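Enquirer: Take a look at protein-v2.cif, mmCIF, C-alpha atoms and all ligand atoms:
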data_model
loop_
_atom_site.group_PDB
_atom_site.id
_atom_site.type_symbol
_atom_site.label_atom_id
_atom_site.label_comp_id
_atom_site.auth_asym_id
_atom_site.auth_seq_id
_atom_site.Cartn_x
_atom_site.Cartn_y
_atom_site.Cartn_z
ATOM 1 C CA MET A 1 254.139 -24.465 102.862
ATOM 2 C CA SER A 2 256.155 -23.341 99.857
ATOM 3 C CA ALA A 3 259.568 -24.783 99.243
ATOM 4 C CA LEU A 4 260.999 -21.309 99.728
ATOM 5 C CA GLY A 5 259.277 -21.005 103.140
ATOM 6 C CA THR A 6 260.627 -24.360 104.257
ATOM 7 C CA THR A 7 264.091 -23.457 103.074
ATOM 8 C CA SER A 8 264.135 -20.170 104.962
ATOM 9 C CA ILE A 9 262.909 -21.797 108.158
ATOM 10 C CA LEU A 10 265.679 -24.373 107.802
ATOM 11 C CA ALA A 11 268.168 -21.593 107.221
ATOM 12 C CA VAL A 12 267.017 -19.815 110.375
ATOM 13 C CA LEU A 13 267.277 -23.047 112.358
ATOM 14 C CA LEU A 14 270.746 -23.685 111.028
ATOM 15 C CA VAL A 15 271.934 -20.186 111.857
ATOM 16 C CA PHE A 16 270.344 -20.388 115.302
ATOM 17 C CA GLY A 17 271.914 -23.782 115.951
ATOM 18 C CA PHE A 18 275.295 -22.600 114.769
ATOM 19 C CA VAL A 19 275.321 -19.501 116.957
ATOM 20 C CA SER A 20 273.951 -21.175 120.083
ATOM 21 C CA GLY A 21 276.239 -24.182 119.938
ATOM 22 C CA GLY A 22 273.981 -26.563 118.083
ATOM 23 C CA LEU A 23 270.432 -27.843 118.366
ATOM 24 C CA ILE A 24 271.748 -31.374 118.723
ATOM 25 C CA ASP A 25 273.888 -30.286 121.670
ATOM 26 C CA LEU A 26 270.893 -28.633 123.322
ATOM 27 C CA GLY A 27 268.913 -31.847 122.856
ATOM 28 C CA GLN A 28 271.707 -33.821 124.522
ATOM 29 C CA ASP A 29 271.780 -31.329 127.416
ATOM 30 C CA ALA A 30 268.060 -31.994 127.953
ATOM 31 C CA LEU A 31 268.568 -35.773 127.865
ATOM 32 C CA ASP A 32 271.402 -35.467 130.394
ATOM 33 C CA ALA A 33 269.203 -33.406 132.719
ATOM 34 C CA ALA A 34 266.744 -36.292 132.786
ATOM 35 C CA LYS A 35 269.419 -38.936 133.243
ATOM 36 C CA TYR A 36 272.210 -37.640 135.468
ATOM 37 C CA PRO A 37 271.952 -36.107 138.946
ATOM 38 C CA LEU A 38 273.034 -32.510 139.435
ATOM 39 C CA ILE A 39 276.229 -32.266 141.493
ATOM 40 C CA THR A 40 276.447 -28.970 143.373
ATOM 41 C CA GLY A 41 279.184 -27.707 145.643
ATOM 42 C CA PHE A 42 282.974 -27.375 145.550
ATOM 43 C CA TYR A 43 284.949 -30.116 143.840
ATOM 44 C CA ARG A 44 288.319 -30.859 142.285
ATOM 45 C CA ILE A 45 288.579 -33.080 139.236
ATOM 46 C CA GLU A 46 291.869 -34.797 138.409
ATOM 47 C CA MET A 47 292.412 -36.312 134.988
ATOM 48 C CA HIS A 48 295.416 -38.539 134.416
ATOM 49 C CA VAL A 49 296.421 -39.118 130.799
ATOM 50 C CA ASP A 50 298.617 -42.194 130.598
ATOM 51 C CA ARG A 51 299.287 -42.731 126.881
ATOM 52 C CA LEU A 52 297.989 -42.177 123.366
ATOM 53 C CA ASP A 53 297.830 -44.884 120.733
ATOM 54 C CA THR A 54 298.101 -43.003 117.427
ATOM 55 C CA GLN A 55 298.856 -46.149 115.413
ATOM 56 C CA GLY A 56 301.258 -43.862 113.574
ATOM 57 C CA LYS A 57 298.371 -42.338 111.656
ATOM 58 C CA SER A 58 296.621 -39.013 111.362
ATOM 59 C CA HIS A 59 292.827 -38.646 111.403
ATOM 60 C CA THR A 60 292.681 -39.425 107.670
ATOM 61 C CA GLY A 61 293.982 -42.956 108.298
ATOM 62 C CA LEU A 62 297.199 -42.223 106.407
ATOM 63 C CA SER A 63 300.602 -42.245 108.094
ATOM 64 C CA CYS A 64 301.433 -38.995 109.892
ATOM 65 C CA ASP A 65 304.662 -38.727 107.928
ATOM 66 C CA PRO A 66 306.132 -40.623 104.976
ATOM 67 C CA ILE A 67 309.218 -41.528 107.035
ATOM 68 C CA GLY A 68 309.296 -42.129 110.793
ATOM 69 C CA GLY A 69 306.575 -41.794 113.392
ATOM 70 C CA CYS A 70 304.170 -38.979 114.191
ATOM 71 C CA ASP A 71 305.481 -35.771 115.774
ATOM 72 C CA PRO A 72 302.694 -35.386 118.287
ATOM 73 C CA LYS A 73 301.648 -32.366 120.268
ATOM 74 C CA ILE A 74 299.056 -33.569 122.759
ATOM 75 C CA LYS A 75 296.924 -31.301 124.907
ATOM 76 C CA ALA A 76 293.937 -31.657 127.189
ATOM 77 C CA PHE A 77 291.170 -29.731 128.907
ATOM 78 C CA ILE A 78 288.621 -30.642 131.570
ATOM 79 C CA ASP A 79 285.416 -29.059 130.257
ATOM 80 C CA THR A 80 282.920 -28.473 133.069
ATOM 81 C CA GLU A 81 280.805 -25.992 131.113
ATOM 82 C CA THR A 82 280.057 -27.302 127.623
ATOM 83 C CA PRO A 83 280.543 -31.085 127.682
ATOM 84 C CA ASN A 84 278.180 -31.746 124.772
ATOM 85 C CA ARG A 85 279.514 -29.133 122.397
ATOM 86 C CA ASP A 86 281.798 -29.815 119.490
ATOM 87 C CA PHE A 87 285.536 -29.382 119.705
ATOM 88 C CA GLY A 88 286.877 -25.942 118.870
ATOM 89 C CA GLY A 89 285.548 -22.501 119.624
ATOM 90 C CA ASP A 90 282.056 -23.818 120.405
ATOM 91 C CA SER A 91 283.405 -25.339 123.614
ATOM 92 C CA VAL A 92 287.014 -24.542 124.520
ATOM 93 C CA PRO A 93 289.389 -22.607 122.256
ATOM 94 C CA TYR A 94 292.376 -24.885 121.573
ATOM 95 C CA ASP A 95 294.779 -22.242 122.863
ATOM 96 C CA ASN A 96 293.347 -22.771 126.337
ATOM 97 C CA TYR A 97 294.202 -26.473 126.459
ATOM 98 C CA ILE A 98 297.126 -27.576 128.604
ATOM 99 C CA VAL A 99 300.017 -29.073 126.637
ATOM 100 C CA LEU A 100 300.896 -32.527 127.990
ATOM 101 C CA TYR A 101 303.406 -33.783 125.465
ATOM 102 C CA GLU A 102 305.499 -32.671 122.512
ATOM 103 C CA GLY A 103 307.870 -34.950 120.649
ATOM 104 C CA ASN A 104 309.334 -35.948 117.301
ATOM 105 C CA ASP A 105 309.307 -39.275 115.518
ATOM 106 C CA SER A 106 307.334 -40.999 118.273
ATOM 107 C CA GLU A 107 306.388 -44.611 118.844
ATOM 108 C CA LYS A 108 302.849 -45.588 117.861
ATOM 109 C CA VAL A 109 301.920 -45.577 121.541
ATOM 110 C CA VAL A 110 303.074 -42.263 122.972
ATOM 111 C CA PRO A 111 303.842 -42.312 126.725
ATOM 112 C CA ILE A 112 302.382 -39.260 128.482
ATOM 113 C CA GLY A 113 301.859 -39.851 132.230
ATOM 114 C CA LYS A 114 300.533 -36.391 133.137
ATOM 115 C CA THR A 115 297.770 -35.281 135.473
ATOM 116 C CA ILE A 116 295.790 -32.062 135.158
ATOM 117 C CA SER A 117 293.060 -30.751 137.426
ATOM 118 C CA ARG A 118 290.191 -28.307 137.410
ATOM 119 C CA ASP A 119 287.835 -27.091 140.120
ATOM 120 C CA ILE A 120 284.082 -26.681 140.183
ATOM 121 C CA CYS A 121 283.325 -23.780 142.507
ATOM 122 C CA GLY A 122 279.663 -23.768 143.445
ATOM 123 C CA LYS A 123 278.236 -24.311 139.964
ATOM 124 C CA GLY A 124 276.062 -27.353 139.378
ATOM 125 C CA VAL A 125 277.287 -29.959 136.889
ATOM 126 C CA ARG A 126 275.783 -33.183 135.561
ATOM 127 C CA LYS A 127 278.490 -34.102 133.139
ATOM 128 C CA VAL A 128 282.117 -33.150 132.579
ATOM 129 C CA ALA A 129 284.014 -33.740 129.333
ATOM 130 C CA MET A 130 287.624 -34.852 129.402
ATOM 131 C CA ARG A 131 288.903 -33.489 126.099
ATOM 132 C CA VAL A 132 292.181 -34.429 124.438
ATOM 133 C CA ARG A 133 293.493 -33.091 121.143
ATOM 134 C CA ALA A 134 296.499 -34.499 119.313
ATOM 135 C CA MET A 135 298.197 -32.851 116.343
ATOM 136 C CA ASP A 136 301.049 -34.057 114.188
ATOM 137 C CA LYS A 137 303.553 -31.248 113.737
ATOM 138 C CA ASP A 138 304.746 -30.671 110.236
ATOM 139 C CA THR A 139 306.987 -28.079 108.631
ATOM 140 C CA VAL A 140 304.183 -26.522 106.608
ATOM 141 C CA ASN A 141 300.786 -27.436 108.047
ATOM 142 C CA ASP A 142 300.105 -29.317 111.260
ATOM 143 C CA ASP A 143 297.726 -32.223 110.737
ATOM 144 C CA LYS A 144 295.124 -33.438 113.212
ATOM 145 C CA ILE A 145 295.797 -36.868 114.684
ATOM 146 C CA ASP A 146 292.383 -36.775 116.385
ATOM 147 C CA ASN A 147 290.124 -35.309 119.042
ATOM 148 C CA TYR A 148 289.081 -37.530 121.967
ATOM 149 C CA LYS A 149 286.261 -36.891 124.416
ATOM 150 C CA CYS A 150 285.054 -39.012 127.309
ATOM 151 C CA PHE A 151 282.699 -38.099 130.137
ATOM 152 C CA ILE A 152 282.452 -38.016 133.894
ATOM 153 C CA THR A 153 278.832 -37.905 135.089
ATOM 154 C CA GLY A 154 277.008 -37.367 138.354
ATOM 155 C CA GLU A 155 276.066 -41.066 138.306
ATOM 156 C CA ASN A 156 279.542 -41.685 139.684
ATOM 157 C CA ALA A 157 279.396 -39.206 142.569
ATOM 158 C CA PRO A 158 282.521 -37.382 143.773
ATOM 159 C CA ALA A 159 284.305 -38.626 146.920
ATOM 160 C CA ALA A 160 283.892 -36.751 150.205
ATOM 161 C CA SER A 161 287.579 -35.724 150.280
ATOM 162 C CA ALA A 162 290.919 -36.159 148.499
ATOM 163 C CA ASP A 163 291.915 -38.791 151.082
ATOM 164 C CA THR A 164 289.088 -41.104 150.118
ATOM 165 C CA ALA A 165 289.058 -40.368 146.371
ATOM 166 C CA GLU A 166 289.818 -43.384 144.228
ATOM 167 C CA TRP A 167 290.860 -43.411 140.602
ATOM 168 C CA SER A 168 288.390 -44.667 138.057
ATOM 169 C CA ALA A 169 289.203 -47.717 135.991
ATOM 170 C CA GLU A 170 291.299 -46.868 132.942
ATOM 171 C CA ILE A 171 289.183 -45.532 130.086
ATOM 172 C CA ALA A 172 290.154 -46.259 126.478
ATOM 173 C CA CYS A 173 288.769 -43.085 124.944
ATOM 174 C CA PRO A 174 288.295 -43.369 121.145
ATOM 175 C CA GLY A 175 289.170 -40.788 118.516
ATOM 176 C CA GLU A 176 286.229 -38.990 116.917
ATOM 177 C CA ASP A 177 287.423 -39.597 113.359
ATOM 178 C CA ARG A 178 289.264 -42.888 113.921
ATOM 179 C CA PRO A 179 287.879 -44.748 116.950
ATOM 180 C CA THR A 180 290.671 -47.334 116.755
ATOM 181 C CA SER A 181 293.064 -44.595 117.869
ATOM 182 C CA LYS A 182 292.661 -44.247 121.624
ATOM 183 C CA VAL A 183 293.865 -42.156 124.518
ATOM 184 C CA PHE A 184 294.096 -44.045 127.815
ATOM 185 C CA LEU A 185 293.073 -42.009 130.845
ATOM 186 C CA LYS A 186 291.513 -42.159 134.273
ATOM 187 C CA TYR A 187 290.020 -39.627 136.654
ATOM 188 C CA ARG A 188 288.944 -38.968 140.210
ATOM 189 C CA TRP A 189 286.909 -36.182 141.739
ATOM 190 C CA TYR A 190 286.285 -35.138 145.288
ATOM 191 C CA ALA A 191 284.875 -32.387 147.495
ATOM 192 C CA ILE A 192 287.272 -29.604 148.517
ATOM 193 C CA PRO A 193 286.952 -26.741 150.999
ATOM 194 C CA GLU A 194 285.381 -23.670 149.405
ATOM 195 C CA SER A 195 288.439 -21.628 150.467
ATOM 196 C CA THR A 196 290.752 -23.693 148.231
ATOM 197 C CA CYS A 197 288.502 -23.664 145.148
ATOM 198 C CA ARG A 198 290.075 -22.005 142.072
ATOM 199 C CA PRO A 199 287.298 -20.756 139.792
ATOM 200 C CA SER A 200 288.045 -20.725 136.060
ATOM 201 C CA SER A 201 286.199 -20.663 132.757
ATOM 202 C CA ASN A 202 286.503 -22.402 129.413
ATOM 203 C CA GLY A 203 287.813 -19.073 128.107
ATOM 204 C CA LYS A 204 285.284 -19.103 125.285
ATOM 205 C CA GLY A 205 285.138 -15.620 123.760
ATOM 206 C CA LEU A 206 281.781 -14.058 122.902
ATOM 207 C CA PHE A 207 282.138 -14.893 119.212
ATOM 208 C CA SER A 208 284.590 -17.766 119.331
ATOM 209 C CA GLY A 209 281.882 -20.279 118.394
ATOM 210 C CA LEU A 210 281.493 -18.589 115.036
ATOM 211 C CA LEU A 211 284.966 -19.663 113.963
ATOM 212 C CA SER A 212 284.870 -23.207 115.265
ATOM 213 C CA ARG A 213 285.567 -26.176 113.058
HETATM 214 C C1 LIG B 1 311.254 -31.500 117.046
HETATM 215 O O1 LIG B 1 311.847 -31.092 115.818
HETATM 216 C C2 LIG B 1 311.769 -29.692 115.598
HETATM 217 C C3 LIG B 1 312.257 -29.403 114.188
HETATM 218 O O2 LIG B 1 313.441 -30.084 113.915
HETATM 219 C C4 LIG B 1 312.576 -28.985 116.677
HETATM 220 O O3 LIG B 1 312.509 -27.587 116.494
HETATM 221 C C5 LIG B 1 312.006 -29.343 118.062
HETATM 222 O O4 LIG B 1 312.780 -28.777 119.072
HETATM 223 C C6 LIG B 1 311.950 -30.852 118.240
HETATM 224 N N1 LIG B 1 311.185 -31.137 119.463
HETATM 225 C C7 LIG B 1 311.593 -32.020 120.361
HETATM 226 C C8 LIG B 1 310.698 -32.196 121.550
HETATM 227 O O5 LIG B 1 312.603 -32.693 120.243
HETATM 228 CA CA CA B 2 304.928 -34.728 111.154
#
As structure tokens, please, write out the structure in this file.
Expert:
Amino acid sequence: MSALGTTSILAVLLVFGFVSGGLIDLGQDALDAAKYPLITGFYRIEMHVDRLDTQGKSHTGLSCDPIGGCDPKIKAFIDTETPNRDFGGDSVPYDNYIVLYEGNDSEKVVPIGKTISRDICGKGVRKVAMRVRAMDKDTVNDDKIDNYKCFITGENAPAASADTAEWSAEIACPGEDRPTSKVFLKYRWYAIPESTCRPSSNGKGLFSGLLSR
């Protein structure tokens, strides 16, 4: 095949992958389908975010600010629909995350202590992504501290009810850019009556993936 032919096929693959959320992501979805059982029914997931160790640095490894600690804004989302996709519009638009913490001149380990929840209402899931995003607020441009993503899978089946649901062990979930920065969280999930299930979506717009970073 000519070099031009190869290049155009690559270009088509790249465009296809970009629009559909990524060929790599689709490959991971297929691997998950072989590995993790499908959980179907009505469930509530609770995610408790205890603290974030920023080490006082942004994702570049440099201090958040020349003087004082980071000014973190920390938010989270339980992604039941696109666990393998990249952060941003490909998965969950950042505006849809729930803000857990906002502060100025923080310690390196930021205390959070918040729990959020999300329901699965009759859709099958194999894997759920607990997503956390931390930004350092600045006067001009906010800087990313990091994105953190850890998974719940059907290997660890949900409890039969809230009464019997136990919390997972604490998970030290590493930053994508700087794995030594970690958010400490735990989760539990359990069956709920269909009548109390609150359906929701990631809120991903039709074209939001096109603008993701
Ligand atoms: C952080 O500082 C900014 C700018 O001085 C201020 O507007 C904001 O209210 C402060 N936030 C908190 C949580 O103290
Ligand atoms: Ca700052």
Enquirer: For ligand LIG 1 (chain B), which residue out of A:Thr139, A:Ser168, A:Ser200, A:Ser195 is the nearest one, using all atoms listed in the file?
Expert: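 When distances to ligand LIG 1 (chain B) are compared using all atoms listed in the file, the smallest one comes from A:Thr139.
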Enquirer: Counting all atoms listed in the file, which residues in chain A sit no more than 12 Å from ligand LIG 1 (chain B)? For each one, give the nearest pair of atoms and the distance in Å, sorted by chain then residue number, as CSV.
Expert:
residue,atom,partner,partner_atom,distance
A:Gly69,CA,B:LIG1,C1,11.9
A:Cys70,CA,B:LIG1,C1,10.7
A:Asp71,CA,B:LIG1,C1,7.3
A:Pro72,CA,B:LIG1,C8,9.2
A:Lys73,CA,B:LIG1,C8,9.1
A:Ile74,CA,B:LIG1,C8,11.8
A:Leu100,CA,B:LIG1,C8,11.7
A:Tyr101,CA,B:LIG1,C8,8.4
A:Glu102,CA,B:LIG1,C8,5.3
A:Gly103,CA,B:LIG1,C8,4.0
A:Asn104,CA,B:LIG1,C1,4.9
A:Asp105,CA,B:LIG1,C1,8.2
A:Ser106,CA,B:LIG1,C8,10.0
A:Asp136,CA,B:LIG1,C1,10.9
A:Lys137,CA,B:LIG1,C1,8.4
A:Asp138,CA,B:LIG1,C3,8.6
A:Thr139,CA,B:LIG1,C3,7.8
A:Val140,CA,B:LIG1,C3,11.4
Enquirer: From the list A:Leu52, A:Asn84, A:Phe151, A:Asp177, which residue is nearest Ala30 of chain A when using only C-alpha atoms?
Expert: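 Among A:Leu52, A:Asn84, A:Phe151, A:Asp177, it is A:Asn84 that comes nearest to Ala30 of chain A.
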Enquirer: Nearest to ligand CA 2 (chain B): which of A:Arg118, A:Arg178, A:Lys186, A:Lys57 is it, counting all atoms listed in the file?
Expert: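 That would be A:Lys57, the residue with the smallest distance to ligand CA 2 (chain B).
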Enquirer: From the list A:Pro93, A:Gly88, A:Gly113, A:Gly22, which residue is nearest His48 of chain A when using all atoms listed in the file?
Expert: A:Gly113
Enquirer: Enclose the full set of atoms of segment 98-111 of chain A listed in the file within a box whose edges lie along x, y and z, apply 4 Å of padding to each of the six sides, and report centre and edge lengths in Å to one decimal as JSON.
Expert:
{"center_x": 303.2, "center_y": -36.6, "center_z": 122.1, "size_x": 20.2, "size_y": 26.0, "size_z": 21.1}
Enquirer: Atom CA of Gly124 of chain A to atom CA of Gly41 of chain A: how many Å, to one decimal?
Expert: 7.0 Å
Enquirer: So that I can see what lies close to segment 94-98 of chain A, please list as a count of residues only the residues with an atom at most 8 Å from it, counting only C-alpha atoms and leaving out residues fewer than 3 positions away in the same chain.
Expert: 7
Enquirer: I'd like the residues picked by the PyMOL selection byres (((chain A and resi 37) around 12) and not hetatm) written out as a PyMOL selection string, using the chain letters and numbers from the file.
Expert: chain A and resi 31-36+38-40+124-127+152-158
Enquirer: Determine the residue set returned by the PyMOL selection byres (((chain A and resi 80) around 7) and not hetatm) for the present structure, and present it as a list in words.
Expert: Ile78, Asp79, Glu81, Thr82, Pro83, Val125, Val128 and Ala129 of chain A
Enquirer: Dump C-alpha atoms for the selected residues as a CSV table (one decimal), in the coordinates of the input?
Expert:
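This went into selection_22.csv:
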chain,number,residue,atom,x,y,z
A,78,ILE,CA,288.6,-30.6,131.6
A,79,ASP,CA,285.4,-29.1,130.3
A,81,GLU,CA,280.8,-26.0,131.1
A,82,THR,CA,280.1,-27.3,127.6
A,83,PRO,CA,280.5,-31.1,127.7
A,125,VAL,CA,277.3,-30.0,136.9
A,128,VAL,CA,282.1,-33.2,132.6
A,129,ALA,CA,284.0,-33.7,129.3
Enquirer: Check the smallest atom-to-atom distance from each of A:Leu185, A:Ala172, A:Val99, A:Met135 to ligand CA 2 (chain B) using all atoms listed in the file, then report the winner.
Expert: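 Ranking A:Leu185, A:Ala172, A:Val99, A:Met135 by distance to ligand CA 2 (chain B), first place goes to A:Met135.
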Enquirer: Starting from the PyMOL selection byres (((chain A and resi 193) around 12) and not hetatm), expand the selection into actual residues of this file and give them as a PyMOL selection string.
Expert: chain A and resi 41-44+119-122+160-162+190-192+194-198
Enquirer: Could you work out how far atom CA of Ser63 of chain A lies from atom CA of Cys150 of chain A, giving the answer in Å with one decimal?
Expert: 24.9 Å
